[in-house]
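Next comes structure-v1.csv, a file with CSV, N, CA and C atoms.
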```csv
chain,number,residue,atom,x,y,z
S,209,MET,N,10.4,22.7,-45.3
S,209,MET,CA,10.4,22.3,-44.0
S,209,MET,C,11.3,23.2,-43.1
S,210,PRO,N,10.7,23.6,-41.9
S,210,PRO,CA,11.5,24.5,-41.1
S,210,PRO,C,12.8,23.8,-40.6
S,211,SER,N,13.8,24.6,-40.4
S,211,SER,CA,15.1,24.1,-40.0
S,211,SER,C,15.0,23.6,-38.5
S,212,LEU,N,16.0,22.9,-38.1
S,212,LEU,CA,16.0,22.4,-36.7
S,212,LEU,C,15.9,23.5,-35.7
S,213,GLU,N,16.6,24.6,-35.9
S,213,GLU,CA,16.6,25.7,-35.0
S,213,GLU,C,15.2,26.3,-35.0
S,214,GLN,N,14.5,26.4,-36.1
S,214,GLN,CA,13.1,26.9,-36.1
S,214,GLN,C,12.2,26.0,-35.4
S,215,ARG,N,12.4,24.7,-35.6
S,215,ARG,CA,11.5,23.7,-34.9
S,215,ARG,C,11.7,23.8,-33.4
S,216,ILE,N,13.0,23.9,-33.0
S,216,ILE,CA,13.2,24.0,-31.6
S,216,ILE,C,12.6,25.3,-31.0
S,217,GLN,N,12.7,26.4,-31.7
S,217,GLN,CA,12.1,27.7,-31.3
S,217,GLN,C,10.6,27.5,-31.1
S,218,ILE,N,10.0,26.9,-32.1
S,218,ILE,CA,8.5,26.6,-32.0
S,218,ILE,C,8.2,25.9,-30.7
S,219,LEU,N,8.9,24.8,-30.4
S,219,LEU,CA,8.7,24.0,-29.2
S,219,LEU,C,8.9,24.9,-27.9
S,220,GLU,N,10.0,25.7,-27.9
S,220,GLU,CA,10.3,26.5,-26.8
S,220,GLU,C,9.2,27.6,-26.6
S,221,ASP,N,8.7,28.1,-27.7
S,221,ASP,CA,7.7,29.1,-27.6
S,221,ASP,C,6.4,28.5,-27.0
S,222,ARG,N,6.1,27.3,-27.6
S,222,ARG,CA,4.9,26.6,-27.1
S,222,ARG,C,5.0,26.4,-25.6
S,223,GLN,N,6.1,25.9,-25.1
S,223,GLN,CA,6.3,25.6,-23.7
S,223,GLN,C,6.2,26.9,-22.9
S,224,ALA,N,6.8,28.0,-23.4
S,224,ALA,CA,6.8,29.2,-22.7
S,224,ALA,C,5.3,29.8,-22.6
S,225,LEU,N,4.5,29.6,-23.6
S,225,LEU,CA,3.2,30.1,-23.6
S,225,LEU,C,2.3,29.2,-22.6
S,226,GLN,N,2.6,27.9,-22.6
S,226,GLN,CA,1.9,27.1,-21.6
S,226,GLN,C,2.2,27.5,-20.2
S,227,GLU,N,3.5,27.7,-19.9
S,227,GLU,CA,3.9,28.2,-18.6
S,227,GLU,C,3.4,29.5,-18.2
S,228,LEU,N,3.3,30.4,-19.2
S,228,LEU,CA,2.7,31.8,-19.0
S,228,LEU,C,1.2,31.6,-18.5
S,229,VAL,N,0.5,30.9,-19.3
S,229,VAL,CA,-1.0,30.7,-18.9
S,229,VAL,C,-1.1,30.0,-17.6
S,230,SER,N,-0.3,29.0,-17.3
S,230,SER,CA,-0.4,28.2,-16.1
S,230,SER,C,0.0,29.2,-14.9
S,231,SER,N,1.0,29.9,-15.0
S,231,SER,CA,1.4,30.8,-13.9
S,231,SER,C,0.5,31.9,-13.7
S,232,TYR,N,-0.2,32.4,-14.8
S,232,TYR,CA,-1.2,33.4,-14.7
S,232,TYR,C,-2.4,32.9,-13.9
S,233,LEU,N,-2.8,31.7,-14.2
S,233,LEU,CA,-4.0,31.1,-13.5
S,233,LEU,C,-3.6,30.9,-12.0
S,234,ILE,N,-2.4,30.5,-11.7
S,234,ILE,CA,-2.0,30.3,-10.3
S,234,ILE,C,-2.0,31.6,-9.6
S,235,ALA,N,-1.4,32.6,-10.2
S,235,ALA,CA,-1.3,34.0,-9.6
S,235,ALA,C,-2.7,34.6,-9.5
S,236,LEU,N,-3.6,34.3,-10.4
S,236,LEU,CA,-5.0,34.8,-10.3
S,236,LEU,C,-5.7,34.2,-9.1
S,237,ASP,N,-5.6,32.9,-8.9
S,237,ASP,CA,-6.2,32.2,-7.8
S,237,ASP,C,-5.6,32.6,-6.5
S,238,ASP,N,-4.3,32.8,-6.5
S,238,ASP,CA,-3.5,33.2,-5.3
S,238,ASP,C,-3.9,34.6,-4.8
S,239,ALA,N,-3.8,35.5,-5.8
S,239,ALA,CA,-4.1,37.0,-5.6
S,239,ALA,C,-3.3,37.6,-4.4
S,240,ALA,N,-2.3,37.0,-4.0
S,240,ALA,CA,-1.5,37.6,-2.9
S,240,ALA,C,-0.4,38.6,-3.4
S,241,ASP,N,0.0,38.4,-4.6
S,241,ASP,CA,1.0,39.3,-5.2
S,241,ASP,C,0.5,39.9,-6.4
S,242,LEU,N,0.0,41.1,-6.3
S,242,LEU,CA,-0.6,41.8,-7.4
S,242,LEU,C,0.4,42.1,-8.6
S,243,GLU,N,1.7,42.4,-8.2
S,243,GLU,CA,2.7,42.7,-9.2
S,243,GLU,C,3.0,41.4,-10.0
S,244,GLN,N,3.1,40.3,-9.4
S,244,GLN,CA,3.3,39.0,-10.1
S,244,GLN,C,2.2,38.8,-11.1
S,245,LEU,N,0.9,39.0,-10.6
S,245,LEU,CA,-0.2,38.8,-11.5
S,245,LEU,C,-0.1,39.8,-12.7
S,246,LEU,N,0.1,41.0,-12.5
S,246,LEU,CA,0.2,42.0,-13.6
S,246,LEU,C,1.3,41.8,-14.5
S,247,ASN,N,2.4,41.1,-14.0
S,247,ASN,CA,3.6,40.9,-14.8
S,247,ASN,C,3.3,39.9,-16.0
S,248,HIS,N,2.1,39.3,-16.0
S,248,HIS,CA,1.7,38.4,-17.1
S,248,HIS,C,1.2,39.2,-18.3
S,249,PHE,N,1.0,40.5,-18.2
S,249,PHE,CA,0.3,41.3,-19.2
S,249,PHE,C,1.3,42.3,-19.8
S,250,THR,N,1.0,42.7,-21.0
S,250,THR,CA,1.7,43.8,-21.6
S,250,THR,C,1.1,45.1,-21.0
S,251,GLU,N,1.8,46.2,-21.2
S,251,GLU,CA,1.4,47.5,-20.7
S,251,GLU,C,0.0,47.9,-21.2
S,252,ASP,N,-0.2,47.5,-22.5
S,252,ASP,CA,-1.5,48.0,-23.2
S,252,ASP,C,-2.5,46.8,-23.3
S,253,ALA,N,-2.4,45.8,-22.5
S,253,ALA,CA,-3.2,44.6,-22.6
S,253,ALA,C,-4.7,45.0,-22.4
S,254,VAL,N,-5.5,44.1,-23.0
S,254,VAL,CA,-7.0,44.3,-22.9
S,254,VAL,C,-7.6,43.1,-22.3
S,255,PHE,N,-8.4,43.3,-21.3
S,255,PHE,CA,-9.2,42.2,-20.6
S,255,PHE,C,-10.6,42.5,-20.9
S,256,ASP,N,-11.2,41.7,-21.9
S,256,ASP,CA,-12.5,42.0,-22.5
S,256,ASP,C,-13.5,40.9,-22.2
S,257,MET,N,-14.4,41.1,-21.3
S,257,MET,CA,-15.4,40.2,-21.0
S,257,MET,C,-16.8,40.7,-21.3
S,258,THR,N,-16.9,41.6,-22.3
S,258,THR,CA,-18.2,42.2,-22.6
S,258,THR,C,-19.2,41.2,-23.1
S,259,ALA,N,-18.8,40.1,-23.7
S,259,ALA,CA,-19.7,39.1,-24.1
S,259,ALA,C,-20.4,38.4,-22.9
S,260,LEU,N,-19.8,38.6,-21.8
S,260,LEU,CA,-20.3,38.0,-20.5
S,260,LEU,C,-21.0,39.1,-19.6
S,261,ASP,N,-21.3,40.2,-20.2
S,261,ASP,CA,-21.9,41.4,-19.5
S,261,ASP,C,-20.9,41.9,-18.4
S,262,TYR,N,-19.7,41.9,-18.7
S,262,TYR,CA,-18.6,42.3,-17.8
S,262,TYR,C,-17.9,43.4,-18.5
S,263,PRO,N,-17.3,44.4,-17.8
S,263,PRO,CA,-16.6,45.5,-18.5
S,263,PRO,C,-15.3,45.1,-19.1
S,264,THR,N,-14.8,46.0,-20.0
S,264,THR,CA,-13.5,45.8,-20.6
S,264,THR,C,-12.5,46.7,-19.8
S,265,PHE,N,-11.3,46.1,-19.6
S,265,PHE,CA,-10.3,46.9,-18.9
S,265,PHE,C,-9.1,46.9,-19.9
S,266,GLU,N,-8.6,48.2,-20.1
S,266,GLU,CA,-7.6,48.4,-21.1
S,266,GLU,C,-6.4,49.1,-20.5
S,267,GLY,N,-5.2,48.5,-20.6
S,267,GLY,CA,-4.0,49.1,-20.0
S,267,GLY,C,-3.7,48.6,-18.6
S,268,MET,N,-2.5,48.9,-18.2
S,268,MET,CA,-2.0,48.4,-16.9
S,268,MET,C,-2.8,49.0,-15.7
S,269,ALA,N,-3.1,50.3,-15.8
S,269,ALA,CA,-3.8,50.9,-14.7
S,269,ALA,C,-5.2,50.3,-14.5
S,270,ALA,N,-5.9,50.1,-15.6
S,270,ALA,CA,-7.2,49.4,-15.6
S,270,ALA,C,-7.1,48.0,-15.1
S,271,LEU,N,-6.1,47.3,-15.5
S,271,LEU,CA,-5.9,45.9,-15.0
S,271,LEU,C,-5.6,45.9,-13.5
S,272,ARG,N,-4.8,46.9,-13.0
S,272,ARG,CA,-4.6,47.0,-11.6
S,272,ARG,C,-5.9,47.2,-10.8
S,273,GLU,N,-6.7,48.1,-11.4
S,273,GLU,CA,-8.0,48.3,-10.8
S,273,GLU,C,-8.9,47.1,-10.7
S,274,LEU,N,-8.9,46.3,-11.9
S,274,LEU,CA,-9.6,45.1,-11.9
S,274,LEU,C,-9.2,44.1,-10.8
S,275,PHE,N,-7.9,43.9,-10.8
S,275,PHE,CA,-7.4,42.8,-9.9
S,275,PHE,C,-7.4,43.3,-8.4
S,276,THR,N,-7.3,44.6,-8.1
S,276,THR,CA,-7.4,45.0,-6.7
S,276,THR,C,-8.8,45.2,-6.3
S,277,GLY,N,-9.8,45.2,-7.2
S,277,GLY,CA,-11.2,45.3,-6.9
S,277,GLY,C,-11.8,44.0,-6.5
S,278,GLY,N,-11.1,42.9,-6.5
S,278,GLY,CA,-11.7,41.6,-6.2
S,278,GLY,C,-12.4,41.0,-7.3
S,279,ARG,N,-12.4,41.6,-8.5
S,279,ARG,CA,-13.1,41.1,-9.6
S,279,ARG,C,-12.1,40.3,-10.5
S,280,THR,N,-11.8,39.1,-10.1
S,280,THR,CA,-10.8,38.4,-10.9
S,280,THR,C,-11.3,37.3,-11.8
S,281,HIS,N,-12.5,36.8,-11.5
S,281,HIS,CA,-13.0,35.7,-12.4
S,281,HIS,C,-14.3,36.2,-13.0
S,282,ALA,N,-14.3,36.1,-14.3
S,282,ALA,CA,-15.6,36.5,-15.0
S,282,ALA,C,-16.4,35.2,-15.2
S,283,MET,N,-17.7,35.2,-15.0
S,283,MET,CA,-18.5,34.0,-15.1
S,283,MET,C,-19.7,34.3,-16.0
S,284,GLY,N,-20.0,33.4,-16.8
S,284,GLY,CA,-21.2,33.5,-17.7
S,284,GLY,C,-22.3,32.8,-17.0
S,285,MET,N,-23.3,32.4,-17.8
S,285,MET,CA,-24.5,31.8,-17.3
S,285,MET,C,-24.1,30.4,-16.7
S,286,GLY,N,-24.5,30.2,-15.4
S,286,GLY,CA,-24.2,29.0,-14.7
S,286,GLY,C,-25.3,27.9,-15.0
S,287,VAL,N,-24.8,26.7,-14.9
S,287,VAL,CA,-25.7,25.5,-15.1
S,287,VAL,C,-25.5,24.6,-13.9
S,288,PRO,N,-26.6,24.3,-13.2
S,288,PRO,CA,-26.5,23.4,-12.1
S,288,PRO,C,-26.0,22.0,-12.6
S,289,ALA,N,-25.0,21.4,-11.8
S,289,ALA,CA,-24.5,20.2,-12.2
S,289,ALA,C,-25.4,19.0,-12.0
S,290,ALA,N,-26.4,19.2,-11.1
S,290,ALA,CA,-27.3,18.1,-10.9
S,290,ALA,C,-28.7,18.4,-11.5
S,291,ALA,N,-29.5,17.4,-11.8
S,291,ALA,CA,-30.8,17.6,-12.4
S,291,ALA,C,-31.7,18.3,-11.4
S,292,ALA,N,-31.6,18.0,-10.2
S,292,ALA,CA,-32.5,18.6,-9.1
S,292,ALA,C,-31.5,19.3,-8.1
S,293,PRO,N,-31.1,20.6,-8.4
S,293,PRO,CA,-30.1,21.2,-7.6
S,293,PRO,C,-30.6,21.5,-6.2
S,294,THR,N,-29.6,21.4,-5.3
S,294,THR,CA,-29.9,21.8,-3.9
S,294,THR,C,-28.9,22.9,-3.6
S,295,GLY,N,-29.0,23.5,-2.4
S,295,GLY,CA,-28.2,24.6,-2.0
S,295,GLY,C,-26.7,24.4,-2.1
S,296,SER,N,-26.2,23.2,-2.1
S,296,SER,CA,-24.8,22.9,-2.1
S,296,SER,C,-24.3,22.3,-3.3
S,297,ASP,N,-25.1,22.3,-4.4
S,297,ASP,CA,-24.6,21.7,-5.7
S,297,ASP,C,-23.6,22.6,-6.4
S,298,SER,N,-22.8,22.0,-7.2
S,298,SER,CA,-21.9,22.7,-8.1
S,298,SER,C,-22.6,23.4,-9.2
S,299,VAL,N,-22.1,24.5,-9.7
S,299,VAL,CA,-22.6,25.2,-10.9
S,299,VAL,C,-21.5,25.2,-11.9
S,300,LEU,N,-21.8,24.8,-13.1
S,300,LEU,CA,-20.8,24.8,-14.2
S,300,LEU,C,-20.9,26.1,-15.0
S,301,PHE,N,-19.8,26.6,-15.4
S,301,PHE,CA,-19.8,27.8,-16.2
S,301,PHE,C,-19.1,27.5,-17.5
S,302,TYR,N,-19.8,27.7,-18.6
S,302,TYR,CA,-19.2,27.4,-19.9
S,302,TYR,C,-18.7,28.6,-20.6
S,303,VAL,N,-17.5,28.9,-20.4
S,303,VAL,CA,-16.9,30.1,-21.0
S,303,VAL,C,-15.6,29.7,-21.7
S,304,GLN,N,-15.4,30.2,-22.9
S,304,GLN,CA,-14.2,29.9,-23.6
S,304,GLN,C,-13.3,31.2,-23.6
S,305,TYR,N,-12.1,31.1,-23.3
S,305,TYR,CA,-11.2,32.2,-23.2
S,305,TYR,C,-10.3,32.3,-24.4
S,306,HIS,N,-10.2,33.4,-25.0
S,306,HIS,CA,-9.3,33.6,-26.2
S,306,HIS,C,-8.2,34.6,-25.7
S,307,LEU,N,-7.0,34.1,-25.8
S,307,LEU,CA,-5.8,34.9,-25.4
S,307,LEU,C,-4.9,35.2,-26.6
S,308,GLU,N,-4.3,36.4,-26.6
S,308,GLU,CA,-3.4,36.7,-27.6
S,308,GLU,C,-2.1,37.1,-26.8
S,309,PHE,N,-1.0,36.9,-27.5
S,309,PHE,CA,0.3,37.1,-26.8
S,309,PHE,C,1.3,37.9,-27.7
S,310,ALA,N,2.3,38.4,-27.0
S,310,ALA,CA,3.4,39.1,-27.7
S,310,ALA,C,4.7,38.8,-26.9
S,311,ARG,N,5.8,38.7,-27.7
S,311,ARG,CA,7.1,38.5,-27.0
S,311,ARG,C,7.6,39.9,-26.7
S,312,ILE,N,7.9,40.2,-25.5
S,312,ILE,CA,8.4,41.4,-25.0
S,312,ILE,C,9.7,41.2,-24.3
S,313,ASN,N,10.8,41.7,-24.8
S,313,ASN,CA,12.1,41.5,-24.2
S,313,ASN,C,12.4,40.0,-23.9
S,314,ALA,N,12.2,39.2,-24.9
S,314,ALA,CA,12.4,37.7,-24.9
S,314,ALA,C,11.5,37.0,-23.9
S,315,ALA,N,10.4,37.6,-23.4
S,315,ALA,CA,9.5,36.9,-22.6
S,315,ALA,C,8.1,37.1,-23.2
S,316,TRP,N,7.3,36.1,-23.1
S,316,TRP,CA,5.9,36.1,-23.6
S,316,TRP,C,5.0,36.8,-22.6
S,317,LYS,N,4.1,37.6,-23.1
S,317,LYS,CA,3.1,38.3,-22.2
S,317,LYS,C,1.7,38.2,-22.9
S,318,ILE,N,0.7,38.4,-22.1
S,318,ILE,CA,-0.7,38.4,-22.6
S,318,ILE,C,-1.0,39.8,-23.1
S,319,THR,N,-1.4,39.9,-24.3
S,319,THR,CA,-1.9,41.2,-24.9
S,319,THR,C,-3.4,41.4,-24.8
S,320,SER,N,-4.1,40.3,-24.9
S,320,SER,CA,-5.5,40.3,-24.9
S,320,SER,C,-6.1,39.0,-24.3
S,321,LEU,N,-7.1,39.2,-23.4
S,321,LEU,CA,-7.8,38.1,-22.8
S,321,LEU,C,-9.3,38.4,-23.0
S,322,ARG,N,-10.0,37.5,-23.7
S,322,ARG,CA,-11.4,37.8,-24.0
S,322,ARG,C,-12.2,36.5,-23.7
S,323,GLY,N,-13.3,36.7,-23.0
S,323,GLY,CA,-14.2,35.6,-22.7
S,323,GLY,C,-15.4,35.6,-23.6
S,324,GLN,N,-15.8,34.4,-24.0
S,324,GLN,CA,-16.9,34.1,-24.9
S,324,GLN,C,-17.8,33.0,-24.3
S,325,PRO,N,-19.1,33.3,-24.0
S,325,PRO,CA,-19.9,32.2,-23.5
S,325,PRO,C,-20.1,31.1,-24.5
S,326,LEU,N,-20.2,29.9,-24.0
S,326,LEU,CA,-20.4,28.7,-24.9
S,326,LEU,C,-21.8,28.3,-24.9
S,327,MET,N,-22.6,29.0,-24.1
S,327,MET,CA,-24.1,28.6,-24.1
S,327,MET,C,-24.8,29.9,-24.3
S,328,PRO,N,-26.0,29.8,-25.0
S,328,PRO,CA,-26.8,31.0,-25.2
S,328,PRO,C,-27.2,31.6,-23.9
S,329,SER,N,-27.3,33.0,-23.9
S,329,SER,CA,-27.8,33.6,-22.6
S,329,SER,C,-29.3,33.7,-22.5
```
Write the structure described by the file as structure tokens, please.
Amino acid sequence: MPSLEQRIQILEDRQALQELVSSYLIALDDAADLEQLLNHFTEDAVFDMTALDYPTFEGMAALRELFTGGRTHAMGMGVPAAAAPTGSDSVLFYVQYHLEFARINAAWKITSLRGQPLMPS
């Protein structure tokens, strides 16, 4: 059984990762502070959405290009929310995101973000 210190560290890491993902999503939607957004990633991070017919971006310079180019959300095949869609209906996107992390100088960062469609194309 892990020691009390190890169990506390696991809980602290889990909380830190939840906060990292949450603050990344807020920064992504806000898009007002590019440096804050990029701070969520390691220098060699990979943003891979090739499974969604979207390019891969590797490294900080490529991520900067991605997020300054207005391409911040990758979407797969959309499904109208209503059986008989109209011009104002919602569209659902079924994408699963796989993230990998690393602890850098006592802070967690995203090393890899990969999207995978949950519906056949």
_Polymer residues at most 7 Å from (2.9, 38.2, -19.8) by only C-alpha atoms, as a PyMOL selection string_ = chain S and resi 228+247-250+316-318
*Skip Tyr305 of chain S itself and residues of its chain fewer than 3 positions away, then list as an MDAnalysis selection string all residues within 9 Å of it, counting only C-alpha atoms.*
chainID S and resid 321:325
_Between atom CA of Thr264 of chain S and atom CA of Ala240 of chain S - distance in Å to one decimal_ = 22.9 Å
_atom CA of Gln217 of chain S to atom CA of Leu236 of chain S, straight-line distance in Å_ =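 One can read the atom CA of Leu236 of chain S to atom CA of Gln217 of chain S distance as 28.0 Å.
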*For Ala253 of chain S, please output as an MDAnalysis selection string all residues within 6 Å (counting all atoms listed in the file; exclusion window: fewer than 4 positions along the same chain).*
chainID S and resid 249 265:268 318:320
*Gap from atom N of Met209 of chain S to atom CA of Leu307 of chain S - Å, one decimal*: 28.4 Å
_Nearest to Leu242 of chain S, chosen from S:Gln214, S:Phe255, S:Arg272, S:Met327, with all atoms listed in the file counted in the distances_ = S:Arg272
